[in-house]
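Shown below: model.txt, with compact mmCIF, C-alpha atoms.
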```
# COMPACT_ATOMS: atom_id res chain seq x y z
CA MET A 1 13.83 -1.88 6.36
CA PRO A 2 12.70 -3.05 9.79
CA ALA A 3 11.77 -6.67 9.33
CA ALA A 4 8.05 -7.10 9.78
CA SER A 5 6.69 -10.48 10.73
CA SER A 6 4.22 -12.23 8.44
CA LYS A 7 1.62 -11.92 11.16
CA GLU A 8 2.01 -8.16 11.41
CA LEU A 9 1.91 -7.82 7.64
CA LEU A 10 -1.27 -9.88 7.39
CA LYS A 11 -2.86 -7.66 10.02
CA GLY A 12 -1.73 -4.62 8.04
CA LEU A 13 -3.19 -6.06 4.84
CA ALA A 14 -6.55 -6.65 6.46
CA GLY A 15 -6.43 -3.02 7.62
CA LYS A 16 -5.51 -1.77 4.12
CA ASP A 17 -2.21 -0.29 5.36
CA PRO A 18 -0.22 0.87 2.28
CA ARG A 19 3.17 0.12 3.88
CA ALA A 20 2.12 -3.44 4.72
CA ILE A 21 0.76 -3.98 1.19
CA GLY A 22 4.01 -2.73 -0.34
CA LYS A 23 6.17 -4.88 1.92
CA ALA A 24 4.03 -7.98 1.47
CA ILE A 25 4.27 -7.69 -2.33
CA SER A 26 8.05 -7.29 -2.07
CA MET A 27 8.26 -10.41 0.04
CA VAL A 28 6.33 -12.54 -2.43
CA GLU A 29 8.11 -10.98 -5.41
CA ASN A 30 11.51 -11.73 -3.86
CA ASN A 31 10.36 -15.14 -2.64
CA ALA A 32 11.64 -14.07 0.78
CA ASP A 33 11.28 -15.99 4.04
CA GLY A 34 7.74 -15.65 5.25
CA ALA A 35 6.27 -15.19 1.77
CA ALA A 36 4.53 -18.56 1.99
CA ASP A 37 3.03 -17.67 5.38
CA ILE A 38 1.63 -14.44 3.96
CA LEU A 39 0.14 -16.08 0.89
CA ALA A 40 -1.37 -18.89 2.97
CA GLY A 41 -2.90 -16.40 5.37
CA LEU A 42 -4.67 -14.18 2.84
CA ASP A 43 -8.41 -13.63 2.95
CA ARG A 44 -9.72 -16.22 0.45
CA GLU A 45 -13.17 -14.70 0.19
CA ARG A 46 -11.82 -11.31 -0.85
CA ILE A 47 -9.63 -13.01 -3.46
CA GLU A 48 -12.55 -14.97 -4.84
CA ASN A 49 -14.75 -11.90 -5.16
CA ALA A 50 -12.19 -9.59 -6.73
CA LEU A 51 -12.30 -8.98 -10.46
CA VAL A 52 -8.97 -9.20 -12.25
CA LEU A 53 -8.59 -7.33 -15.54
CA GLY A 54 -5.61 -7.78 -17.84
CA LEU A 55 -4.65 -4.97 -20.20
CA THR A 56 -2.20 -5.65 -22.96
CA GLY A 57 -1.23 -4.25 -26.33
CA PRO A 58 1.68 -2.78 -28.25
CA PRO A 59 3.85 -0.04 -26.72
CA GLY A 60 2.33 3.38 -27.29
CA ALA A 61 -1.26 2.21 -27.72
CA GLY A 62 -2.20 4.06 -24.55
CA LYS A 63 -2.49 1.27 -21.99
CA SER A 64 -1.32 3.36 -19.02
CA THR A 65 -3.54 6.28 -19.97
CA LEU A 66 -6.50 3.95 -20.42
CA THR A 67 -5.69 2.32 -17.07
CA SER A 68 -5.76 5.74 -15.44
CA SER A 69 -9.16 6.51 -17.02
CA LEU A 70 -10.52 3.16 -15.87
CA ILE A 71 -9.28 3.85 -12.35
CA ARG A 72 -11.13 7.19 -12.42
CA ALA A 73 -14.36 5.50 -13.55
CA LEU A 74 -14.03 2.69 -11.02
CA ARG A 75 -13.43 5.19 -8.21
CA LYS A 76 -16.67 6.95 -9.15
CA HIS A 77 -18.37 3.63 -8.38
CA LYS A 78 -16.52 3.55 -5.04
CA LYS A 79 -14.44 0.55 -6.06
CA ARG A 80 -11.04 0.07 -4.44
CA VAL A 81 -8.55 -0.54 -7.24
CA GLY A 82 -5.18 -2.27 -7.48
CA ILE A 83 -2.83 -1.91 -10.44
CA ILE A 84 0.15 -4.07 -11.33
CA ALA A 85 2.18 -2.45 -14.09
CA VAL A 86 4.69 -4.87 -15.61
CA ASP A 87 7.66 -3.64 -17.63
CA PRO A 88 10.62 -5.60 -18.97
CA SER A 89 13.96 -5.78 -17.19
CA SER A 90 17.12 -5.09 -19.14
CA PRO A 91 18.55 -8.43 -20.26
CA ILE A 92 22.05 -6.99 -19.88
CA SER A 93 22.09 -5.21 -16.51
CA GLY A 94 18.97 -6.74 -14.97
CA GLY A 95 17.79 -3.24 -14.11
CA ALA A 96 14.63 -1.51 -15.29
CA VAL A 97 13.05 1.91 -15.56
CA LEU A 98 9.42 1.55 -14.54
CA GLY A 99 7.51 4.55 -15.83
CA ASP A 100 3.89 3.44 -16.14
CA ARG A 101 3.04 5.32 -12.97
CA ILE A 102 3.69 8.66 -14.60
CA ARG A 103 0.27 8.50 -16.27
CA MET A 104 -1.44 7.43 -13.06
CA MET A 105 -0.06 10.05 -10.67
CA GLU A 106 -3.42 11.81 -10.33
CA HIS A 107 -4.40 8.86 -8.12
CA ALA A 108 -1.21 8.93 -6.03
CA LEU A 109 -2.88 10.29 -2.91
CA ASP A 110 -6.01 8.17 -3.18
CA ARG A 111 -5.72 5.54 -0.45
CA ASP A 112 -8.03 3.26 -2.40
CA VAL A 113 -5.76 3.10 -5.44
CA ILE A 114 -2.75 0.81 -5.00
CA VAL A 115 -0.20 0.89 -7.81
CA ARG A 116 2.72 -1.49 -7.98
CA SER A 117 5.35 -1.47 -10.73
CA MET A 118 6.98 -4.80 -11.47
CA ALA A 119 9.94 -5.68 -13.64
CA THR A 120 10.00 -9.03 -15.43
CA ARG A 121 13.46 -9.75 -13.96
CA GLY A 122 14.30 -11.93 -16.92
CA ARG A 123 12.28 -14.87 -15.77
CA LEU A 124 10.04 -16.40 -18.35
CA GLY A 125 7.08 -17.61 -16.41
CA GLY A 126 8.52 -16.43 -13.10
CA ILE A 127 6.98 -13.02 -13.44
CA CYS A 128 3.56 -14.64 -13.75
CA ALA A 129 4.07 -16.30 -10.42
CA SER A 130 5.07 -12.99 -8.81
CA ALA A 131 2.28 -11.01 -10.45
CA GLY A 132 -0.28 -13.65 -9.51
CA ALA A 133 0.82 -13.50 -5.89
CA ALA A 134 0.71 -9.69 -5.98
CA VAL A 135 -2.85 -9.81 -7.34
CA ARG A 136 -3.90 -11.90 -4.37
CA VAL A 137 -2.15 -9.63 -1.87
CA MET A 138 -4.02 -6.66 -3.36
CA ALA A 139 -7.33 -8.53 -3.35
CA ALA A 140 -6.80 -9.55 0.27
CA SER A 141 -6.20 -5.89 1.14
CA GLY A 142 -9.67 -5.11 -0.09
CA CYS A 143 -9.18 -4.22 -3.76
CA ASP A 144 -12.42 -4.91 -5.62
CA VAL A 145 -10.84 -4.65 -9.06
CA ILE A 146 -7.23 -5.38 -9.96
CA LEU A 147 -5.73 -4.35 -13.29
CA ILE A 148 -2.60 -5.99 -14.67
CA GLU A 149 -0.99 -3.91 -17.36
CA THR A 150 1.68 -5.32 -19.62
CA VAL A 151 3.22 -4.78 -23.02
CA GLY A 152 1.75 -7.42 -25.29
CA VAL A 153 4.53 -8.62 -27.50
CA GLY A 154 5.44 -12.13 -26.53
CA GLN A 155 4.63 -15.41 -24.91
CA SER A 156 5.39 -14.36 -21.35
CA GLU A 157 3.07 -11.38 -21.65
CA MET A 158 0.36 -13.68 -22.89
CA ASP A 159 0.89 -15.84 -19.82
CA ILE A 160 0.55 -12.84 -17.53
CA VAL A 161 -2.68 -11.97 -19.24
CA ARG A 162 -3.97 -15.43 -18.48
CA LEU A 163 -3.92 -14.52 -14.79
CA ALA A 164 -6.83 -12.22 -15.50
CA ASP A 165 -10.53 -13.02 -15.37
CA ILE A 166 -11.07 -10.67 -18.31
CA THR A 167 -8.49 -9.63 -20.88
CA LEU A 168 -8.48 -6.36 -22.79
CA MET A 169 -6.33 -5.83 -25.84
CA VAL A 170 -5.60 -2.16 -26.39
CA LEU A 171 -4.81 -1.06 -29.94
CA ALA A 172 -4.48 2.26 -31.69
CA PRO A 173 -4.74 3.16 -35.37
CA GLY A 174 -1.54 3.24 -37.33
CA PHE A 175 0.19 0.19 -35.92
CA GLY A 176 -0.41 -1.73 -39.15
CA ASP A 177 1.90 -4.65 -39.36
CA ASP A 178 2.22 -5.04 -35.61
CA ILE A 179 -1.44 -5.77 -35.41
CA GLN A 180 -1.27 -8.24 -38.26
CA ALA A 181 1.43 -10.09 -36.40
CA MET A 182 -0.58 -10.21 -33.21
CA LYS A 183 -3.80 -11.45 -34.72
CA ALA A 184 -2.89 -15.08 -34.42
CA GLY A 185 -1.97 -15.21 -30.77
CA LEU A 186 -3.14 -12.45 -28.52
CA LEU A 187 -6.40 -11.64 -30.24
CA GLU A 188 -7.57 -15.16 -29.52
CA VAL A 189 -7.20 -14.81 -25.77
CA ALA A 190 -8.58 -11.25 -25.59
CA ASP A 191 -12.16 -10.78 -24.40
CA PHE A 192 -12.28 -7.13 -25.38
CA LEU A 193 -10.66 -5.12 -28.07
CA VAL A 194 -10.23 -1.46 -27.25
CA VAL A 195 -9.43 0.82 -30.16
CA ASN A 196 -7.84 3.72 -28.31
CA LYS A 197 -6.88 7.09 -29.84
CA SER A 198 -10.12 6.83 -31.81
CA ASP A 199 -9.84 10.41 -32.96
CA LEU A 200 -6.95 9.41 -35.21
CA GLY A 201 -7.43 8.50 -38.85
CA GLY A 202 -7.90 4.80 -39.49
CA ALA A 203 -9.78 4.12 -36.25
CA GLU A 204 -13.04 3.25 -38.02
CA ALA A 205 -11.32 0.88 -40.42
CA LEU A 206 -9.45 -0.81 -37.56
CA CYS A 207 -12.71 -1.13 -35.64
CA MET A 208 -14.54 -2.76 -38.54
CA ASP A 209 -11.64 -5.12 -39.06
CA MET A 210 -11.69 -6.14 -35.41
CA LYS A 211 -15.47 -6.44 -35.23
CA GLN A 212 -15.23 -9.07 -37.90
CA ILE A 213 -12.72 -11.05 -35.86
CA PHE A 214 -14.81 -10.64 -32.71
CA ALA A 215 -18.21 -11.30 -34.32
CA GLU A 216 -18.50 -14.77 -32.84
CA LYS A 217 -17.55 -13.65 -29.35
CA GLU A 218 -20.05 -10.79 -29.46
CA GLU A 219 -22.80 -13.11 -30.57
CA GLU A 220 -22.18 -15.65 -27.85
CA SER A 221 -22.50 -13.20 -24.96
CA ASN A 222 -24.52 -10.44 -26.65
CA ILE A 223 -22.15 -7.85 -25.19
CA PRO A 224 -20.16 -5.40 -27.36
CA ARG A 225 -16.57 -6.59 -27.40
CA VAL A 226 -14.95 -4.05 -29.70
CA LEU A 227 -15.02 -0.56 -28.22
CA GLN A 228 -13.57 2.82 -29.10
CA THR A 229 -11.96 5.14 -26.58
CA ILE A 230 -9.94 8.33 -26.41
CA ALA A 231 -8.39 7.67 -23.02
CA SER A 232 -6.53 10.99 -22.84
CA GLU A 233 -9.89 12.80 -23.10
CA ASN A 234 -11.73 10.28 -20.96
CA LYS A 235 -14.05 9.41 -23.86
CA GLY A 236 -15.70 6.03 -24.26
CA ILE A 237 -14.68 4.90 -20.78
CA THR A 238 -18.21 4.70 -19.36
CA ASP A 239 -19.33 2.40 -22.19
CA LEU A 240 -16.21 0.30 -21.87
CA LEU A 241 -16.69 -0.16 -18.14
CA ALA A 242 -20.38 -1.00 -18.63
CA SER A 243 -19.43 -3.73 -21.11
CA ILE A 244 -16.73 -5.05 -18.79
CA ASN A 245 -19.20 -5.21 -15.91
CA ALA A 246 -21.81 -6.93 -18.08
CA PHE A 247 -19.22 -9.45 -19.19
CA ALA A 248 -18.09 -10.03 -15.60
CA ASP A 249 -21.70 -10.88 -14.72
CA TYR A 250 -21.89 -13.15 -17.76
CA LEU A 251 -18.74 -15.00 -16.65
CA GLN A 252 -20.09 -15.36 -13.14
CA THR A 253 -23.54 -16.66 -14.10
CA HIS A 254 -22.12 -19.12 -16.62
CA ASN A 255 -19.57 -20.34 -14.10
CA ILE A 256 -16.77 -19.35 -16.51
CA LYS A 257 -14.94 -17.11 -14.02
CA LYS A 258 -14.44 -20.07 -11.73
CA GLN A 259 -13.18 -22.28 -14.57
CA ARG A 260 -10.75 -19.59 -15.69
CA ARG A 261 -9.48 -19.18 -12.14
CA VAL A 262 -8.89 -22.92 -11.77
CA LYS A 263 -6.88 -22.95 -14.99
CA ALA A 264 -4.91 -19.85 -14.01
CA MET A 265 -4.09 -21.34 -10.60
CA GLU A 266 -2.86 -24.54 -12.26
CA SER A 267 -0.54 -22.75 -14.64
CA GLU A 268 0.70 -20.49 -11.85
CA THR A 269 1.41 -23.50 -9.66
CA LEU A 270 3.48 -24.97 -12.49
CA ASP A 271 5.37 -21.66 -12.75
CA TRP A 272 6.19 -21.85 -9.06
CA VAL A 273 7.33 -25.45 -9.39
CA PHE A 274 9.84 -24.49 -12.10
CA GLU A 275 10.83 -21.35 -10.21
CA MET A 276 11.58 -23.36 -7.08
CA LEU A 277 13.41 -26.16 -8.90
CA ARG A 278 15.60 -23.84 -10.95
CA PRO A 279 18.24 -23.02 -8.26
CA ARG A 280 18.68 -26.67 -7.39
CA PHE A 281 19.25 -27.78 -10.98
CA SER A 282 21.39 -24.75 -11.61
CA ARG A 283 23.68 -25.77 -8.74
CA GLN A 284 23.79 -29.35 -9.93
CA LEU A 285 24.79 -28.27 -13.43
CA GLN A 286 27.65 -26.23 -12.06
CA THR A 287 29.07 -29.17 -10.14
CA GLN A 288 29.16 -31.38 -13.23
CA THR A 289 32.21 -30.75 -15.32
CA GLU A 290 32.80 -33.85 -17.42
CA GLN A 291 29.40 -34.03 -19.14
CA GLN A 292 29.57 -30.88 -21.19
CA GLN A 293 29.80 -32.83 -24.44
CA THR A 294 26.40 -34.38 -23.89
CA ASP A 295 23.43 -32.98 -25.80
CA PRO A 296 21.44 -30.60 -23.57
CA ARG A 297 18.22 -32.55 -23.90
CA VAL A 298 19.92 -35.81 -22.93
CA ARG A 299 21.67 -34.10 -20.06
CA ALA A 300 18.44 -32.56 -18.80
CA LYS A 301 16.81 -35.98 -18.71
CA GLN A 302 19.79 -37.39 -16.80
CA LEU A 303 19.60 -34.57 -14.29
CA ILE A 304 15.94 -35.14 -13.68
CA ASP A 305 16.36 -38.90 -13.38
CA GLU A 306 19.23 -38.47 -10.91
CA THR A 307 17.26 -36.01 -8.83
CA PHE A 308 14.09 -38.01 -8.61
CA LYS A 309 15.90 -41.39 -8.57
CA ARG A 310 13.71 -43.12 -11.06
CA MET B 1 20.36 -14.36 -8.49
CA THR B 2 20.31 -11.50 -6.03
CA THR B 3 17.25 -9.34 -5.68
CA PRO B 4 17.55 -6.02 -7.53
CA TYR B 5 17.43 -2.84 -5.46
CA ARG B 6 14.32 -0.74 -5.97
CA VAL B 7 14.64 3.03 -5.99
CA LEU B 8 12.30 5.90 -6.73
CA ILE B 9 13.41 8.96 -8.64
CA GLY B 10 11.13 11.91 -8.06
CA LYS B 11 10.93 15.52 -9.11
CA PRO B 12 9.13 17.61 -6.51
CA GLY B 13 7.82 21.09 -7.18
CA LEU B 14 7.30 23.24 -10.22
CA ASP B 15 10.41 22.26 -12.06
CA GLY B 16 10.25 20.79 -15.52
CA HIS B 17 13.93 20.16 -16.06
CA ASP B 18 14.18 16.41 -15.89
CA ARG B 19 17.25 15.64 -17.94
CA GLY B 20 19.31 15.05 -14.79
CA ALA B 21 16.63 12.84 -13.19
CA LYS B 22 16.30 10.76 -16.35
CA PHE B 23 20.06 10.50 -16.71
CA ILE B 24 20.35 9.11 -13.18
CA ALA B 25 17.37 6.78 -13.76
CA ARG B 26 19.06 5.31 -16.83
CA ALA B 27 22.45 5.09 -15.14
CA LEU B 28 20.91 3.23 -12.21
CA ARG B 29 19.05 0.88 -14.58
CA ASP B 30 22.33 0.11 -16.32
CA GLU B 31 23.77 -0.81 -12.93
CA GLY B 32 20.96 -3.27 -12.29
CA PHE B 33 18.59 -1.13 -10.20
CA GLU B 34 14.83 -1.17 -10.67
CA VAL B 35 13.95 2.50 -10.97
CA ILE B 36 10.46 3.88 -10.53
CA TYR B 37 10.20 7.31 -12.10
CA THR B 38 7.38 9.63 -11.05
CA GLY B 39 7.64 12.25 -13.79
CA ILE B 40 7.87 15.99 -13.22
CA ARG B 41 5.95 18.41 -11.00
CA ARG B 42 5.01 16.15 -8.10
CA THR B 43 4.12 17.17 -4.59
CA ALA B 44 6.16 15.85 -1.68
CA ALA B 45 3.09 13.90 -0.54
CA GLU B 46 2.69 12.22 -3.93
CA ILE B 47 6.33 11.18 -3.97
CA ALA B 48 6.15 9.81 -0.42
CA ALA B 49 2.91 7.89 -1.06
CA THR B 50 4.41 6.39 -4.21
CA ALA B 51 7.60 5.36 -2.41
CA ILE B 52 5.53 3.54 0.21
CA GLN B 53 3.33 1.74 -2.34
CA GLU B 54 6.31 0.68 -4.40
CA ASP B 55 8.24 -0.34 -1.27
CA VAL B 56 11.46 1.20 -2.55
CA ASP B 57 14.77 0.94 -0.69
CA VAL B 58 15.77 4.54 -1.41
CA VAL B 59 14.20 7.78 -2.68
CA GLY B 60 16.23 10.07 -4.96
CA LEU B 61 15.03 13.64 -5.52
CA SER B 62 16.04 16.10 -8.19
CA SER B 63 15.44 19.83 -8.13
CA LEU B 64 16.86 22.55 -10.34
CA SER B 65 14.42 25.28 -9.41
CA GLY B 66 16.00 26.49 -6.18
CA ALA B 67 13.18 25.21 -3.96
CA HIS B 68 15.18 22.27 -2.59
CA LEU B 69 15.40 23.69 0.95
CA ARG B 70 11.65 23.55 1.26
CA LEU B 71 10.83 20.51 -0.90
CA PHE B 72 13.48 17.92 0.06
CA PRO B 73 12.82 18.04 3.84
CA GLU B 74 9.09 18.05 3.09
CA VAL B 75 9.43 14.67 1.34
CA ILE B 76 11.16 13.31 4.46
CA ARG B 77 8.32 14.61 6.65
CA GLU B 78 5.70 13.08 4.34
CA LEU B 79 7.52 9.74 4.41
CA GLU B 80 7.63 9.86 8.22
CA ALA B 81 3.92 10.67 8.36
CA ARG B 82 3.24 7.52 6.31
CA GLY B 83 5.40 5.17 8.34
CA GLY B 84 8.30 5.34 5.90
CA GLY B 85 10.75 7.38 7.96
CA ASP B 86 13.29 4.57 7.60
CA ILE B 87 13.58 5.08 3.82
CA PRO B 88 16.75 7.08 3.05
CA VAL B 89 16.38 10.15 0.86
CA LEU B 90 19.12 11.37 -1.49
CA GLY B 91 18.99 14.68 -3.33
CA GLY B 92 20.59 16.27 -6.32
CA GLY B 93 20.44 19.44 -8.37
CA VAL B 94 21.76 22.94 -8.48
CA ILE B 95 22.45 23.22 -4.77
CA PRO B 96 24.85 25.76 -3.20
CA ASP B 97 27.32 24.50 -0.59
CA GLU B 98 25.68 26.37 2.28
CA ASP B 99 22.32 24.72 1.46
CA LYS B 100 23.97 21.33 1.29
CA GLU B 101 24.84 21.41 5.01
CA GLN B 102 21.33 22.45 5.87
CA LEU B 103 19.83 19.62 3.84
CA LEU B 104 22.14 17.02 5.39
CA ALA B 105 21.17 18.35 8.81
CA ALA B 106 17.50 18.00 7.82
CA GLY B 107 18.01 14.28 7.24
CA LEU B 108 19.04 13.96 3.59
CA ARG B 109 21.46 11.05 3.27
CA ALA B 110 23.57 12.67 0.54
CA ILE B 111 23.50 15.67 -1.78
CA PHE B 112 24.82 15.70 -5.34
CA THR B 113 25.60 18.69 -7.49
CA PRO B 114 26.35 19.05 -11.22
CA GLY B 115 30.02 18.26 -10.57
CA THR B 116 29.40 14.91 -8.86
CA PRO B 117 30.57 11.95 -11.00
CA ALA B 118 27.81 9.48 -11.93
CA ALA B 119 29.82 6.63 -10.39
CA THR B 120 29.80 8.42 -7.00
CA ILE B 121 26.05 8.90 -7.19
CA ILE B 122 25.45 5.24 -8.05
CA GLU B 123 27.71 4.12 -5.20
CA SER B 124 25.73 6.29 -2.79
CA PHE B 125 22.48 4.70 -3.98
CA ARG B 126 23.99 1.24 -3.66
CA ASP B 127 25.27 1.96 -0.14
CA ALA B 128 21.94 3.37 1.00
CA CYS B 129 20.07 0.39 -0.51
CA SER B 130 22.37 -2.22 1.02
CA GLN B 131 21.82 -0.77 4.48
CA GLN B 132 18.07 -1.21 4.18
```
Take the structure from the file and write it as structure tokens.
Amino acid sequence: MPAASSKELLKGLAGKDPRAIGKAISMVENNADGAADILAGLDRERIENALVLGLTGPPGAGKSTLTSSLIRALRKHKKRVGIIAVDPSSPISGGAVLGDRIRMMEHALDRDVIVRSMATRGRLGGICASAGAAVRVMAASGCDVILIETVGVGQSEMDIVRLADITLMVLAPGFGDDIQAMKAGLLEVADFLVVNKSDLGGAEALCMDMKQIFAEKEEESNIPRVLQTIASENKGITDLLASINAFADYLQTHNIKKQRRVKAMESETLDWVFEMLRPRFSRQLQTQTEQQQTDPRVRAKQLIDETFKR
Amino acid sequence: MTTPYRVLIGKPGLDGHDRGAKFIARALRDEGFEVIYTGIRRTAAEIAATAIQEDVDVVGLSSLSGAHLRLFPEVIRELEARGGGDIPVLGGGVIPDEDKEQLLAAGLRAIFTPGTPAATIIESFRDACSQQ
């Protein structure tokens, strides 16, 4: 790769150049030299105005297909769209097969649809920092709406979702116990519940179940929060997008979007702090040989005290 | 921790036989690569545009339909047209020896056939990535 300077990349971003967008995201994802310059030089106004949607849910619920349908609908409204599709890295090899794009290939030649696949790279929290930075690069390159898609199974996915202004939980009938397990955590942070594959048996029952859980949320904003779709047939997408837009307006007028952003920025900053400290502590640990008998918690405290000389 | 190499595995043209492409994708994953897979029946332009967006280090193409002489060089041209002429392209499939020379002359970095050991293929990907 010919090394591009941060300045050139920033110019490319402003001009919506796909190569520059791709390279800039790589730089921030790899925490490469110049990443800070790029992030500091991004168009703040574009970032502020962009709408960030988080899509999560169990594997096989149809998140990628729904994402593709949403892209189609957003493009009809002339919105420039960015997509960050997060998949897990193998804990053994560190590699990953990123296949979410397969369902979005109809948009491959649309210059106003930017898709980026990201692997978690085994960093709890770290991926949030990378994805957050990628969201801002996309926003600065003129994306009006940015979708973050991730498998919703654990804590780190929940953290990724918190980067979003609006969170959609995608479910499908027939997941049974999975959904029971998720009720406690993810359903609480979700703004919308999308029952996809609504042509399958059990969709109505699932919907009624979810409406009960979301009754309070629906009442507070007076916007439908539980919606049915058949993403593969493009059904229910118009209603879903209308509700999302209405809710985006609601967040804006009640100053909630801003509050959510402030919180997201804080937690992302913390992620970066840990990410940046990790190599230093890791090195320090390796140089200590005699303290291995110490309890890890005690040792951690000692390390921190030594480092910050308190 | 070193940064994982990013590669794209694409299947251009009207060829639905993706067992080889998926095998290579998995083998690369197991060697620590991040592999973006495009799925079957893609145009050269789609593959090139995806490679640029994903900022991959290397593009790997698979074709078992006999159209490799037309499709592989077309991907290179599409990459060049999008400012990605520096991204190396590797190809594999049912490719006769005489076509192999032609493809290498057209700018393909390496060509693999059904007899090529997986380890050789992975090494080629690693080499091409490390030179980026």
Contacts of chain A with chain B up to 9 Å, shortest pair per row, all atoms listed in the file, as JSON lines:
```
{"residue": "A:Met1", "atom": "CA", "partner": "B:Gln132", "partner_atom": "CA", "distance": 4.8}
{"residue": "A:Pro2", "atom": "CA", "partner": "B:Asp86", "partner_atom": "CA", "distance": 8.0}
{"residue": "A:Pro18", "atom": "CA", "partner": "B:Gln53", "partner_atom": "CA", "distance": 5.9}
{"residue": "A:Arg19", "atom": "CA", "partner": "B:Ile52", "partner_atom": "CA", "distance": 5.5}
{"residue": "A:Ala20", "atom": "CA", "partner": "B:Gln53", "partner_atom": "CA", "distance": 8.8}
{"residue": "A:Ile21", "atom": "CA", "partner": "B:Gln53", "partner_atom": "CA", "distance": 7.2}
{"residue": "A:Gly22", "atom": "CA", "partner": "B:Gln53", "partner_atom": "CA", "distance": 4.9}
{"residue": "A:Lys23", "atom": "CA", "partner": "B:Asp55", "partner_atom": "CA", "distance": 5.9}
{"residue": "A:Ile25", "atom": "CA", "partner": "B:Asp55", "partner_atom": "CA", "distance": 8.4}
{"residue": "A:Ser26", "atom": "CA", "partner": "B:Asp55", "partner_atom": "CA", "distance": 7.0}
{"residue": "A:Asn30", "atom": "CA", "partner": "B:Thr3", "partner_atom": "CA", "distance": 6.5}
{"residue": "A:Ser89", "atom": "CA", "partner": "B:Glu34", "partner_atom": "CA", "distance": 8.0}
{"residue": "A:Ser90", "atom": "CA", "partner": "B:Arg29", "partner_atom": "CA", "distance": 7.8}
{"residue": "A:Ile92", "atom": "CA", "partner": "B:Asp30", "partner_atom": "CA", "distance": 7.9}
{"residue": "A:Ser93", "atom": "CA", "partner": "B:Gly32", "partner_atom": "CA", "distance": 4.8}
{"residue": "A:Gly94", "atom": "CA", "partner": "B:Gly32", "partner_atom": "CA", "distance": 4.8}
{"residue": "A:Gly95", "atom": "CA", "partner": "B:Gly32", "partner_atom": "CA", "distance": 3.7}
{"residue": "A:Ala96", "atom": "CA", "partner": "B:Glu34", "partner_atom": "CA", "distance": 4.6}
{"residue": "A:Val97", "atom": "CA", "partner": "B:Val35", "partner_atom": "CA", "distance": 4.7}
{"residue": "A:Leu98", "atom": "CA", "partner": "B:Ile36", "partner_atom": "CA", "distance": 4.8}
{"residue": "A:Gly99", "atom": "CA", "partner": "B:Tyr37", "partner_atom": "CA", "distance": 5.4}
{"residue": "A:Asp100", "atom": "CA", "partner": "B:Tyr37", "partner_atom": "CA", "distance": 8.4}
{"residue": "A:Arg101", "atom": "CA", "partner": "B:Thr38", "partner_atom": "CA", "distance": 6.4}
{"residue": "A:Ile102", "atom": "CA", "partner": "B:Thr38", "partner_atom": "CA", "distance": 5.2}
{"residue": "A:Arg103", "atom": "CA", "partner": "B:Gly39", "partner_atom": "CA", "distance": 8.6}
{"residue": "A:Met105", "atom": "CA", "partner": "B:Thr38", "partner_atom": "CA", "distance": 7.5}
{"residue": "A:Glu106", "atom": "CA", "partner": "B:Glu46", "partner_atom": "CA", "distance": 8.9}
{"residue": "A:His107", "atom": "CA", "partner": "B:Glu46", "partner_atom": "CA", "distance": 8.9}
{"residue": "A:Ala108", "atom": "CA", "partner": "B:Glu46", "partner_atom": "CA", "distance": 5.5}
{"residue": "A:Leu109", "atom": "CA", "partner": "B:Glu46", "partner_atom": "CA", "distance": 6.0}
{"residue": "A:Arg111", "atom": "CA", "partner": "B:Ala49", "partner_atom": "CA", "distance": 9.0}
{"residue": "A:Ile114", "atom": "CA", "partner": "B:Gln53", "partner_atom": "CA", "distance": 6.7}
{"residue": "A:Val115", "atom": "CA", "partner": "B:Gln53", "partner_atom": "CA", "distance": 6.6}
{"residue": "A:Arg116", "atom": "CA", "partner": "B:Glu54", "partner_atom": "CA", "distance": 5.5}
{"residue": "A:Ser117", "atom": "CA", "partner": "B:Glu54", "partner_atom": "CA", "distance": 6.8}
{"residue": "A:Met118", "atom": "CA", "partner": "B:Glu34", "partner_atom": "CA", "distance": 8.7}
{"residue": "A:Ala119", "atom": "CA", "partner": "B:Glu34", "partner_atom": "CA", "distance": 7.3}
{"residue": "A:Arg121", "atom": "CA", "partner": "B:Pro4", "partner_atom": "CA", "distance": 8.5}
{"residue": "A:Pro279", "atom": "CA", "partner": "B:Met1", "partner_atom": "CA", "distance": 8.9}
```
Using all atoms listed in the file, pick whichever of B:Asp18, B:Ser63, B:Asp99, B:Ile24 has the shortest atom-to-atom distance to Ala119 (chain B).
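Looking at the shortest contact to Ala119 (chain B), the residue is B:Ile24.
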note - CA of Val161 (chain A) and CA of Ala231 (chain A) are separated by 20.8 Å
How far is it from CA of Pro96 (chain B) to CA of Gly66 (chain B), in Å with one decimal?
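Answer for the CA of Pro96 (chain B) to CA of Gly66 (chain B) separation: 9.4 Å.
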State, in Å with one decimal place, the distance from CA of Arg80 (chain A) to CA of Asp112 (chain A).
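Taking CA of Arg80 (chain A) and CA of Asp112 (chain A), their separation equals 4.8 Å.
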Proximity to Glu74 (chain B) - best of B:Leu61, B:Arg41, B:Ser130, B:Gly115, all atoms listed in the file
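The closest residue to Glu74 (chain B) is B:Leu61.
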Nearest to Glu78 (chain B) among B:Phe125, B:Phe23, B:Thr120, B:Ala44, with distances taken over only C-alpha atoms: which residue is it?
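The closest residue to Glu78 (chain B) is B:Ala44.
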What's around Val194 (chain A) at 8 Å? Count all atoms listed in the file, leave out sequence neighbours fewer than 3 positions away in its own chain, and write the answer as a PyMOL selection string.
chain A and resi 168-171+226-229
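With all atoms listed in the file as the atoms that count, the minimum distance from Ala129 (chain A) to the choices A:Thr238, A:Asn196, A:Asn255, A:Asn31 is reached by A:Asn31.
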